[in-house]
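One file, input_10.pdb, carrying PDB, C-alpha atoms:
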ATOM      1  CA  MET A1430     297.366 -21.333-163.796
ATOM      2  CA  GLN A1431     300.700 -22.307-165.280
ATOM      3  CA  ILE A1432     301.056 -25.226-167.695
ATOM      4  CA  ILE A1433     304.098 -27.489-167.635
ATOM      5  CA  THR A1434     304.717 -30.149-170.274
ATOM      6  CA  GLY A1435     306.587 -33.190-168.989
ATOM      7  CA  ILE A1436     307.737 -34.256-165.532
ATOM      8  CA  GLU A1437     311.301 -33.086-165.994
ATOM      9  CA  PRO A1438     312.607 -31.325-162.858
ATOM     10  CA  HIS A1439     310.884 -28.004-162.288
ATOM     11  CA  GLN A1440     312.182 -25.332-159.977
ATOM     12  CA  TRP A1441     309.305 -25.387-157.524
ATOM     13  CA  LYS A1442     309.627 -22.466-155.153
ATOM     14  CA  LYS A1443     307.130 -23.972-152.723
ATOM     15  CA  SER A1444     305.951 -27.334-151.532
ATOM     16  CA  THR A1445     302.985 -28.765-153.431
ATOM     17  CA  ALA A1446     299.664 -30.487-152.977
ATOM     18  CA  VAL A1447     299.551 -32.856-155.926
ATOM     19  CA  THR A1448     297.036 -35.200-157.499
ATOM     20  CA  LEU A1449     297.797 -37.511-160.405
ATOM     21  CA  GLY A1450     295.823 -39.480-162.966
ATOM     22  CA  LYS A1451     294.437 -39.516-166.509
ATOM     23  CA  PHE A1452     291.716 -36.970-165.706
ATOM     24  CA  ASP A1453     289.853 -37.769-168.910
ATOM     25  CA  GLY A1454     286.752 -35.611-168.867
ATOM     26  CA  LEU A1455     287.340 -34.033-165.444
ATOM     27  CA  HIS A1456     284.141 -35.711-164.294
ATOM     28  CA  ARG A1457     282.543 -35.372-160.844
ATOM     29  CA  GLY A1458     284.929 -37.927-159.336
ATOM     30  CA  HIS A1459     287.945 -36.034-160.652
ATOM     31  CA  GLN A1460     286.498 -32.792-159.353
ATOM     32  CA  LYS A1461     286.646 -34.166-155.786
ATOM     33  CA  LEU A1462     290.410 -34.600-156.170
ATOM     34  CA  VAL A1463     290.797 -31.103-157.615
ATOM     35  CA  ASN A1464     288.768 -29.582-154.788
ATOM     36  CA  ARG A1465     290.902 -31.320-152.186
ATOM     37  CA  ILE A1466     294.249 -30.077-153.501
ATOM     38  CA  MET A1467     292.740 -26.600-153.734
ATOM     39  CA  GLU A1468     292.029 -26.788-149.995
ATOM     40  CA  TYR A1469     295.782 -27.070-149.390
ATOM     41  CA  LYS A1470     296.650 -23.951-151.411
ATOM     42  CA  SER A1471     298.510 -21.413-149.300
ATOM     43  CA  PRO A1472     301.373 -18.908-149.574
ATOM     44  CA  GLU A1473     303.698 -21.851-148.874
ATOM     45  CA  CYS A1474     301.962 -24.547-150.953
ATOM     46  CA  ASP A1475     300.974 -24.706-154.633
ATOM     47  CA  SER A1476     298.210 -26.945-155.981
ATOM     48  CA  VAL A1477     299.345 -29.222-158.805
ATOM     49  CA  LEU A1478     297.397 -31.560-161.078
ATOM     50  CA  CYS A1479     299.463 -34.024-163.115
ATOM     51  CA  ALA A1480     297.502 -35.410-166.079
ATOM     52  CA  PHE A1481     298.898 -38.422-167.923
ATOM     53  CA  ASP A1482     298.187 -38.593-171.654
ATOM     54  CA  MET A1483     297.537 -42.207-172.662
ATOM     55  CA  GLY A1484     297.396 -41.390-176.380
ATOM     56  CA  ARG A1485     293.905 -42.721-177.099
ATOM     57  CA  GLU A1486     290.404 -41.457-177.795
ATOM     58  CA  SER A1487     289.307 -39.175-175.012
ATOM     59  CA  LEU A1488     286.341 -37.278-173.636
ATOM     60  CA  MET A1489     288.291 -34.054-173.403
ATOM     61  CA  THR A1490     290.971 -32.305-175.427
ATOM     62  CA  LYS A1491     293.936 -30.692-173.712
ATOM     63  CA  ASP A1492     292.530 -27.272-174.478
ATOM     64  CA  GLU A1493     289.157 -28.173-172.940
ATOM     65  CA  ARG A1494     290.850 -29.487-169.801
ATOM     66  CA  ARG A1495     292.931 -26.339-169.491
ATOM     67  CA  LYS A1496     289.837 -24.148-169.721
ATOM     68  CA  ARG A1497     288.030 -26.230-167.073
ATOM     69  CA  LEU A1498     290.939 -25.876-164.653
ATOM     70  CA  GLU A1499     291.772 -22.228-165.331
ATOM     71  CA  GLY A1500     291.437 -20.103-162.214
ATOM     72  CA  LYS A1501     291.348 -23.116-159.883
ATOM     73  CA  ILE A1502     294.751 -24.790-159.530
ATOM     74  CA  ASP A1503     298.223 -23.266-159.633
ATOM     75  CA  TYR A1504     299.892 -25.744-162.006
ATOM     76  CA  LEU A1505     298.719 -28.217-164.637
ATOM     77  CA  VAL A1506     301.407 -30.737-165.587
ATOM     78  CA  GLU A1507     300.711 -32.585-168.856
ATOM     79  CA  TYR A1508     302.782 -35.672-169.424
ATOM     80  CA  ARG A1509     302.648 -38.423-172.008
ATOM     81  CA  PHE A1510     302.623 -41.800-170.266
ATOM     82  CA  THR A1511     305.929 -43.157-171.568
ATOM     83  CA  LYS A1512     307.554 -46.584-171.426
ATOM     84  CA  GLU A1513     310.113 -45.135-169.002
ATOM     85  CA  LEU A1514     307.408 -44.027-166.594
ATOM     86  CA  ARG A1515     305.477 -47.286-166.953
ATOM     87  CA  GLU A1516     308.566 -49.324-166.088
ATOM     88  CA  MET A1517     309.756 -47.169-163.187
ATOM     89  CA  GLU A1518     309.796 -49.014-159.873
ATOM     90  CA  ALA A1519     307.044 -47.857-157.556
ATOM     91  CA  GLU A1520     309.419 -46.702-154.810
ATOM     92  CA  ASP A1521     311.438 -44.729-157.364
ATOM     93  CA  PHE A1522     308.227 -43.066-158.520
ATOM     94  CA  ILE A1523     307.569 -41.894-154.973
ATOM     95  CA  ASP A1524     311.126 -40.654-154.452
ATOM     96  CA  GLN A1525     311.928 -39.221-157.886
ATOM     97  CA  ILE A1526     308.568 -37.945-159.090
ATOM     98  CA  LEU A1527     306.530 -37.127-156.015
ATOM     99  CA  CYS A1528     309.251 -36.077-153.590
ATOM    100  CA  ASP A1529     312.276 -34.884-155.582
ATOM    101  CA  ASN A1530     310.379 -33.396-158.523
ATOM    102  CA  PHE A1531     307.088 -32.171-157.089
ATOM    103  CA  HIS A1532     308.307 -31.525-153.517
ATOM    104  CA  ALA A1533     304.951 -32.955-152.465
ATOM    105  CA  SER A1534     303.833 -32.160-148.955
ATOM    106  CA  HIS A1535     300.279 -33.372-149.658
ATOM    107  CA  ILE A1536     299.312 -36.171-152.048
ATOM    108  CA  VAL A1537     295.686 -36.707-153.087
ATOM    109  CA  VAL A1538     294.611 -39.829-154.998
ATOM    110  CA  GLY A1539     291.562 -41.973-155.643
ATOM    111  CA  THR A1540     291.104 -45.393-154.062
ATOM    112  CA  ASP A1541     292.167 -47.211-157.251
ATOM    113  CA  PHE A1542     295.259 -45.121-158.036
ATOM    114  CA  SER A1543     298.195 -47.291-159.118
ATOM    115  CA  PHE A1544     301.710 -46.503-160.300
ATOM    116  CA  GLY A1545     305.094 -48.015-160.989
ATOM    117  CA  TYR A1546     306.245 -51.155-162.761
ATOM    118  CA  ARG A1547     303.385 -53.646-163.141
ATOM    119  CA  LYS A1548     301.261 -51.244-161.081
ATOM    120  CA  LYS A1549     302.879 -52.430-157.854
ATOM    121  CA  GLY A1550     302.349 -49.043-156.259
ATOM    122  CA  ASP A1551     298.965 -48.134-154.786
ATOM    123  CA  ALA A1552     297.349 -46.022-152.082
ATOM    124  CA  ALA A1553     298.492 -48.437-149.379
ATOM    125  CA  MET A1554     302.113 -48.076-150.485
ATOM    126  CA  LEU A1555     301.807 -44.285-150.514
ATOM    127  CA  ALA A1556     300.453 -44.441-146.976
ATOM    128  CA  ALA A1557     303.348 -46.668-145.851
ATOM    129  CA  PHE A1558     305.926 -44.143-147.141
ATOM    130  CA  ALA A1559     304.115 -40.988-145.982
ATOM    131  CA  GLU A1560     305.861 -40.454-142.652
ATOM    132  CA  SER A1561     309.386 -41.236-143.820
ATOM    133  CA  ARG A1562     309.037 -39.072-146.947
ATOM    134  CA  GLY A1563     307.315 -36.214-145.148
ATOM    135  CA  TYR A1564     303.975 -35.925-146.949
ATOM    136  CA  THR A1565     300.350 -36.385-145.958
ATOM    137  CA  LEU A1566     298.044 -38.625-147.968
ATOM    138  CA  ASP A1567     294.365 -38.205-148.756
ATOM    139  CA  VAL A1568     292.649 -41.173-150.410
ATOM    140  CA  ILE A1569     289.359 -39.958-151.838
ATOM    141  CA  GLU A1570     286.405 -42.301-152.162
ATOM    142  CA  LYS A1571     284.824 -42.696-155.587
ATOM    143  CA  GLU A1572     281.876 -40.540-156.541
ATOM    144  CA  ARG A1573     278.782 -42.549-157.457
ATOM    145  CA  TYR A1574     275.671 -41.968-159.514
ATOM    146  CA  GLN A1575     272.649 -44.136-158.726
ATOM    147  CA  GLY A1576     274.929 -46.673-157.048
ATOM    148  CA  ARG A1577     277.503 -46.989-159.821
ATOM    149  CA  VAL A1578     281.014 -45.544-159.625
ATOM    150  CA  ILE A1579     281.490 -42.581-161.952
ATOM    151  CA  SER A1580     284.324 -43.247-164.374
ATOM    152  CA  SER A1581     285.487 -42.179-167.814
ATOM    153  CA  SER A1582     284.522 -45.605-169.197
ATOM    154  CA  TYR A1583     280.991 -45.198-167.785
ATOM    155  CA  ILE A1584     280.696 -41.857-169.593
ATOM    156  CA  ARG A1585     281.978 -43.397-172.835
ATOM    157  CA  GLU A1586     279.315 -46.080-172.546
ATOM    158  CA  ALA A1587     276.615 -43.442-172.152
ATOM    159  CA  LEU A1588     277.864 -41.493-175.159
ATOM    160  CA  SER A1589     278.036 -44.624-177.315
ATOM    161  CA  ARG A1590     274.289 -45.047-176.700
ATOM    162  CA  GLY A1591     273.499 -41.381-177.306
ATOM    163  CA  GLU A1592     272.649 -40.863-173.634
ATOM    164  CA  VAL A1593     274.093 -37.358-173.477
ATOM    165  CA  GLU A1594     271.936 -36.330-170.503
ATOM    166  CA  LEU A1595     273.445 -39.178-168.472
ATOM    167  CA  ALA A1596     276.927 -38.210-169.646
ATOM    168  CA  GLY A1597     276.246 -34.665-168.447
ATOM    169  CA  GLU A1598     275.118 -35.950-165.039
ATOM    170  CA  LEU A1599     278.341 -37.933-164.665
ATOM    171  CA  LEU A1600     280.577 -35.127-165.881
ATOM    172  CA  GLY A1601     278.839 -32.409-163.905
ATOM    173  CA  TYR A1602     278.470 -30.322-167.073
ATOM    174  CA  PRO A1603     277.082 -30.906-170.614
ATOM    175  CA  TYR A1604     279.213 -32.981-172.964
ATOM    176  CA  GLU A1605     280.552 -30.683-175.643
ATOM    177  CA  MET A1606     282.970 -30.154-178.457
ATOM    178  CA  SER A1607     284.345 -27.109-180.224
ATOM    179  CA  GLY A1608     285.980 -26.421-183.544
ATOM    180  CA  VAL A1609     286.494 -23.995-186.380
ATOM    181  CA  VAL A1610     283.599 -23.812-188.851
ATOM    182  CA  GLU A1611     284.719 -25.164-192.199
ATOM    183  CA  HIS A1612     283.275 -25.016-195.686
ATOM    184  CA  GLY A1613     281.105 -27.981-196.642
ATOM    185  CA  ARG A1614     279.059 -28.872-199.695
ATOM    186  CA  ARG A1615     276.584 -26.055-198.938
ATOM    187  CA  LEU A1616     273.761 -28.577-199.358
ATOM    188  CA  GLY A1617     272.026 -27.287-196.234
ATOM    189  CA  ARG A1618     271.951 -23.782-197.654
ATOM    190  CA  THR A1619     270.547 -25.138-200.925
ATOM    191  CA  LEU A1620     267.807 -26.950-199.004
ATOM    192  CA  GLY A1621     266.998 -23.850-196.998
ATOM    193  CA  PHE A1622     268.720 -25.011-193.795
ATOM    194  CA  PRO A1623     272.192 -23.394-193.685
ATOM    195  CA  THR A1624     274.447 -25.334-191.332
ATOM    196  CA  MET A1625     277.808 -24.971-189.631
ATOM    197  CA  ASN A1626     280.277 -27.859-189.938
ATOM    198  CA  ILE A1627     283.083 -28.573-187.485
ATOM    199  CA  GLU A1628     285.457 -31.499-187.426
ATOM    200  CA  PRO A1629     286.175 -33.101-184.020
ATOM    201  CA  ARG A1630     289.649 -32.519-182.644
ATOM    202  CA  GLU A1631     292.035 -35.457-182.903
ATOM    203  CA  HIS A1632     291.077 -38.285-180.483
ATOM    204  CA  LYS A1633     287.920 -36.433-179.379
ATOM    205  CA  ILE A1634     285.016 -38.833-178.867
ATOM    206  CA  LEU A1635     281.789 -38.119-180.728
ATOM    207  CA  PRO A1636     278.587 -39.426-179.166
ATOM    208  CA  ARG A1637     276.482 -41.990-181.006
ATOM    209  CA  PHE A1638     276.051 -40.941-184.622
ATOM    210  CA  GLY A1639     272.721 -39.218-184.922
ATOM    211  CA  VAL A1640     270.695 -36.065-184.449
ATOM    212  CA  TYR A1641     270.670 -34.077-181.206
ATOM    213  CA  ALA A1642     269.136 -30.964-179.748
ATOM    214  CA  CYS A1643     272.146 -28.753-179.007
ATOM    215  CA  ARG A1644     273.255 -25.453-177.591
ATOM    216  CA  VAL A1645     275.810 -23.531-179.650
ATOM    217  CA  GLN A1646     278.043 -20.698-178.485
ATOM    218  CA  ILE A1647     279.001 -18.197-181.191
ATOM    219  CA  GLY A1648     280.982 -15.110-180.270
ATOM    220  CA  GLY A1649     280.171 -15.500-176.586
ATOM    221  CA  LYS A1650     276.398 -15.836-177.108
ATOM    222  CA  TRP A1651     274.415 -19.075-176.774
ATOM    223  CA  TYR A1652     271.842 -20.242-179.330
ATOM    224  CA  ASP A1653     269.491 -23.223-179.554
ATOM    225  CA  ALA A1654     270.213 -25.640-182.392
ATOM    226  CA  ILE A1655     269.743 -29.066-183.913
ATOM    227  CA  GLY A1656     272.855 -31.015-184.850
ATOM    228  CA  ASN A1657     273.948 -34.170-186.643
ATOM    229  CA  ALA A1658     277.021 -36.036-185.416
ATOM    230  CA  GLY A1659     278.335 -38.566-187.899
ATOM    231  CA  ILE A1660     279.513 -39.004-191.478
ATOM    232  CA  LYS A1661     276.554 -37.665-193.540
ATOM    233  CA  PRO A1662     276.028 -40.946-195.452
ATOM    234  CA  THR A1663     273.291 -39.603-197.735
ATOM    235  CA  VAL A1664     275.503 -36.996-199.403
ATOM    236  CA  THR A1665     279.066 -38.327-199.116
ATOM    237  CA  ASN A1666     281.093 -41.545-198.978
ATOM    238  CA  GLU A1667     284.120 -39.917-197.363
ATOM    239  CA  HIS A1668     283.392 -41.343-193.870
ATOM    240  CA  LYS A1669     284.788 -38.154-192.381
ATOM    241  CA  ARG A1670     283.501 -37.484-188.851
ATOM    242  CA  LEU A1671     281.674 -34.178-188.649
ATOM    243  CA  LEU A1672     279.299 -32.287-186.417
ATOM    244  CA  GLU A1673     276.820 -30.278-188.479
ATOM    245  CA  VAL A1674     274.509 -27.832-186.690
ATOM    246  CA  PHE A1675     271.561 -25.733-187.772
ATOM    247  CA  VAL A1676     271.313 -22.791-185.374
ATOM    248  CA  PHE A1677     267.919 -21.250-184.713
ATOM    249  CA  GLY A1678     267.785 -17.502-185.274
ATOM    250  CA  TYR A1679     271.377 -17.022-186.439
ATOM    251  CA  GLU A1680     272.076 -15.515-189.864
ATOM    252  CA  GLY A1681     275.714 -14.405-189.650
ATOM    253  CA  ASP A1682     278.794 -15.830-191.382
ATOM    254  CA  THR A1683     280.802 -18.155-189.118
ATOM    255  CA  TYR A1684     283.307 -19.634-191.582
ATOM    256  CA  GLY A1685     286.737 -19.687-189.985
ATOM    257  CA  LYS A1686     285.341 -18.903-186.531
ATOM    258  CA  GLU A1687     285.402 -21.227-183.543
ATOM    259  CA  ILE A1688     282.092 -22.368-182.108
ATOM    260  CA  ARG A1689     281.270 -24.476-179.067
ATOM    261  CA  VAL A1690     278.518 -27.113-179.131
ATOM    262  CA  GLN A1691     276.836 -28.736-176.119
ATOM    263  CA  PHE A1692     274.751 -31.895-176.602
ATOM    264  CA  CYS A1693     271.351 -31.678-174.881
ATOM    265  CA  THR A1694     269.314 -34.725-175.934
ATOM    266  CA  PHE A1695     269.286 -37.461-178.581
ATOM    267  CA  GLU A1696     266.537 -37.522-181.202
ATOM    268  CA  ARG A1697     267.345 -40.278-183.701
ATOM    269  CA  PRO A1698     270.246 -42.283-185.163
ATOM    270  CA  GLU A1699     272.005 -41.121-188.314
ATOM    271  CA  THR A1700     270.315 -42.538-191.408
ATOM    272  CA  LYS A1701     271.241 -42.922-195.068
ATOM    273  CA  PHE A1702     268.271 -41.755-197.137
ATOM    274  CA  ASP A1703     267.469 -42.826-200.687
ATOM    275  CA  SER A1704     267.192 -39.262-201.949
ATOM    276  CA  VAL A1705     268.016 -35.688-201.024
ATOM    277  CA  GLU A1706     264.273 -34.995-200.944
ATOM    278  CA  GLU A1707     263.800 -37.627-198.217
ATOM    279  CA  LEU A1708     266.682 -36.054-196.321
ATOM    280  CA  LYS A1709     265.084 -32.606-196.619
ATOM    281  CA  ASN A1710     261.761 -33.868-195.256
ATOM    282  CA  GLN A1711     263.509 -35.512-192.300
ATOM    283  CA  VAL A1712     265.526 -32.392-191.548
ATOM    284  CA  MET A1713     262.263 -30.439-191.352
ATOM    285  CA  ARG A1714     261.032 -32.957-188.777
ATOM    286  CA  ASP A1715     264.347 -32.683-186.911
ATOM    287  CA  ILE A1716     264.022 -28.913-186.758
ATOM    288  CA  ARG A1717     260.511 -29.243-185.397
ATOM    289  CA  PHE A1718     261.831 -31.643-182.735
ATOM    290  CA  GLY A1719     264.418 -29.034-181.731
ATOM    291  CA  GLU A1720     261.850 -26.257-181.644
ATOM    292  CA  GLU A1721     259.609 -28.340-179.404
ATOM    293  CA  TYR A1722     262.498 -29.336-177.142
ATOM    294  CA  PHE A1723     263.516 -25.718-176.603
ATOM    295  CA  GLY A1724     259.901 -24.548-176.234
ATOM    296  CA  LYS A1725     259.906 -22.450-179.392
ATOM    297  CA  ILE A1726     256.493 -23.782-180.527
TER     298      ILE A1726
END
Mind turning this structure into structure tokens?
Amino acid sequence: MQIITGIEPHQWKKSTAVTLGKFDGLHRGHQKLVNRIMEYKSPECDSVLCAFDMGRESLMTKDERRKRLEGKIDYLVEYRFTKELREMEAEDFIDQILCDNFHASHIVVGTDFSFGYRKKGDAAMLAAFAESRGYTLDVIEKERYQGRVISSSYIREALSRGEVELAGELLGYPYEMSGVVEHGRRLGRTLGFPTMNIEPREHKILPRFGVYACRVQIGGKWYDAIGNAGIKPTVTNEHKRLLEVFVFGYEGDTYGKEIRVQFCTFERPETKFDSVEELKNQVMRDIRFGEEYFGKI
């Protein structure tokens, strides 16, 4: 997969099957669009996904999206949604972006896809221009879960309530985050529960602040863990967002290494305790919850 930044003219050697959108999270609905453009891949046609960056909190970092798409599509185009693009007339978007730039022979969009100045362009307009511009159009119906349309906002709602299992159902994979382990206050080690701290990437959404059963990947191997997402109010007033995990059965040094954390289930909300001793007692209960969840006791 090749990555292109921006929608400036690219020397496409083939025609393309292209899908466009925000693709925040690459959830099950997005995956239907990806699968369809992959069906058009051929020696004469490249599959292209154009992801617009809206510059706000998101379910997925660029790096996470790239890893999810690696080995599937031919090109990933990442483009910041600029004022110029927002104010482009819908017909110009079709001619300049889809036809002249992407050389689109197949366009794949969802039923609610809109484009152009004041969102005047939609699937119906794309259909009306298809024959004269020489492309085919596939309008893909929304994916649903228990009757509700799967969307990035639906997943954000689930995460805000700590419903990480629901978020995983909507995404089609566990909600996760990764980061480089950084030095903390070493309080966990002092208490007998050494932890690994990672800071969320910029704009990456943390689920509801609280304690979760987690799975942690270290050096390619997965471990069971218990983790706290939040600001650690008992021991600091910095209000710095952190994910702190205690990994069962791991004794190595991970400082400066990247780890990957998947959220499995919510245990309790983050709490400010009156003393470190109260915190220690609760952490012991949290660890027992994790051990029971993963069938270790």
field: Selection under test: the PyMOL selection byres ((chain A and resi 1639) around 9); residues as number ranges by chain
entry: A: 1591, 1636-1638, 1640-1641, 1656-1659, 1695-1700
field: Residues returned when the PyMOL selection byres ((chain A and resi 1684) around 9) runs on this file, as a list in words
entry: Val1609, Val1610, Glu1611, His1612, Met1625, Asn1626, Asp1682, Thr1683, Gly1685, Lys1686 and Glu1687 of chain A
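Closest approach to Ile1688 of chain A among A:Gly1435, A:Gly1597, A:Gly1649, A:Gly1450 is made by A:Gly1649 (distances from only C-alpha atoms).
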message: Excluding Gly1724 of chain A and its own-chain neighbours fewer than 4 positions away, which residues fall within 12 Å of it when counting all atoms listed in the file? Please give them as JSON, numbers by chain.
response: {"A": [1642, 1653, 1717, 1718, 1719, 1720]}
query: For the file shown, what are the residues hit by the PyMOL selection byres ((chain A and resi 1503-1515) around 9), laid out as a VMD selection string?
result: chain A and resid 1430 to 1436 1467 1470 1475 to 1484 1491 1495 1498 to 1502 1516 to 1518 1522 1544 to 1548
Pull C-alpha atoms from the residues just selected and write them as a compact mmCIF listing (two decimals), in the frame of the given file.
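Printed below is selection.txt as written:
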# COMPACT_ATOMS: atom_id res chain seq x y z
CA MET A 1430 297.37 -21.33 -163.80
CA GLN A 1431 300.70 -22.31 -165.28
CA ILE A 1432 301.06 -25.23 -167.70
CA ILE A 1433 304.10 -27.49 -167.64
CA THR A 1434 304.72 -30.15 -170.27
CA GLY A 1435 306.59 -33.19 -168.99
CA ILE A 1436 307.74 -34.26 -165.53
CA MET A 1467 292.74 -26.60 -153.73
CA LYS A 1470 296.65 -23.95 -151.41
CA ASP A 1475 300.97 -24.71 -154.63
CA SER A 1476 298.21 -26.94 -155.98
CA VAL A 1477 299.35 -29.22 -158.80
CA LEU A 1478 297.40 -31.56 -161.08
CA CYS A 1479 299.46 -34.02 -163.12
CA ALA A 1480 297.50 -35.41 -166.08
CA PHE A 1481 298.90 -38.42 -167.92
CA ASP A 1482 298.19 -38.59 -171.65
CA MET A 1483 297.54 -42.21 -172.66
CA GLY A 1484 297.40 -41.39 -176.38
CA LYS A 1491 293.94 -30.69 -173.71
CA ARG A 1495 292.93 -26.34 -169.49
CA LEU A 1498 290.94 -25.88 -164.65
CA GLU A 1499 291.77 -22.23 -165.33
CA GLY A 1500 291.44 -20.10 -162.21
CA LYS A 1501 291.35 -23.12 -159.88
CA ILE A 1502 294.75 -24.79 -159.53
CA GLU A 1516 308.57 -49.32 -166.09
CA MET A 1517 309.76 -47.17 -163.19
CA GLU A 1518 309.80 -49.01 -159.87
CA PHE A 1522 308.23 -43.07 -158.52
CA PHE A 1544 301.71 -46.50 -160.30
CA GLY A 1545 305.09 -48.02 -160.99
CA TYR A 1546 306.24 -51.16 -162.76
CA ARG A 1547 303.38 -53.65 -163.14
CA LYS A 1548 301.26 -51.24 -161.08
task: Show which residues sit within 12 Å of segment 1528-1530 of chain A, as number ranges by chain. Count all atoms listed in the file, and ignore same-chain residues fewer than 3 positions away.
output: A: 1435-1447, 1477, 1479, 1506, 1520-1525, 1533-1536, 1555, 1558-1559, 1561-1565
Output C-alpha atoms for every residue in that selection, as a PDB file, in the frame of the given file.
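That gives us selection_12.pdb:
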ATOM      1  CA  GLY A1435     306.587 -33.190-168.989  1.00  0.00           C
ATOM      2  CA  ILE A1436     307.737 -34.256-165.532  1.00  0.00           C
ATOM      3  CA  GLU A1437     311.301 -33.086-165.994  1.00  0.00           C
ATOM      4  CA  PRO A1438     312.607 -31.325-162.858  1.00  0.00           C
ATOM      5  CA  HIS A1439     310.884 -28.004-162.288  1.00  0.00           C
ATOM      6  CA  GLN A1440     312.182 -25.332-159.977  1.00  0.00           C
ATOM      7  CA  TRP A1441     309.305 -25.387-157.524  1.00  0.00           C
ATOM      8  CA  LYS A1442     309.627 -22.466-155.153  1.00  0.00           C
ATOM      9  CA  LYS A1443     307.130 -23.972-152.723  1.00  0.00           C
ATOM     10  CA  SER A1444     305.951 -27.334-151.532  1.00  0.00           C
ATOM     11  CA  THR A1445     302.985 -28.765-153.431  1.00  0.00           C
ATOM     12  CA  ALA A1446     299.664 -30.487-152.977  1.00  0.00           C
ATOM     13  CA  VAL A1447     299.551 -32.856-155.926  1.00  0.00           C
ATOM     14  CA  VAL A1477     299.345 -29.222-158.805  1.00  0.00           C
ATOM     15  CA  CYS A1479     299.463 -34.024-163.115  1.00  0.00           C
ATOM     16  CA  VAL A1506     301.407 -30.737-165.587  1.00  0.00           C
ATOM     17  CA  GLU A1520     309.419 -46.702-154.810  1.00  0.00           C
ATOM     18  CA  ASP A1521     311.438 -44.729-157.364  1.00  0.00           C
ATOM     19  CA  PHE A1522     308.227 -43.066-158.520  1.00  0.00           C
ATOM     20  CA  ILE A1523     307.569 -41.894-154.973  1.00  0.00           C
ATOM     21  CA  ASP A1524     311.126 -40.654-154.452  1.00  0.00           C
ATOM     22  CA  GLN A1525     311.928 -39.221-157.886  1.00  0.00           C
ATOM     23  CA  ALA A1533     304.951 -32.955-152.465  1.00  0.00           C
ATOM     24  CA  SER A1534     303.833 -32.160-148.955  1.00  0.00           C
ATOM     25  CA  HIS A1535     300.279 -33.372-149.658  1.00  0.00           C
ATOM     26  CA  ILE A1536     299.312 -36.171-152.048  1.00  0.00           C
ATOM     27  CA  LEU A1555     301.807 -44.285-150.514  1.00  0.00           C
ATOM     28  CA  PHE A1558     305.926 -44.143-147.141  1.00  0.00           C
ATOM     29  CA  ALA A1559     304.115 -40.988-145.982  1.00  0.00           C
ATOM     30  CA  SER A1561     309.386 -41.236-143.820  1.00  0.00           C
ATOM     31  CA  ARG A1562     309.037 -39.072-146.947  1.00  0.00           C
ATOM     32  CA  GLY A1563     307.315 -36.214-145.148  1.00  0.00           C
ATOM     33  CA  TYR A1564     303.975 -35.925-146.949  1.00  0.00           C
ATOM     34  CA  THR A1565     300.350 -36.385-145.958  1.00  0.00           C
TER      35      THR A1565
END
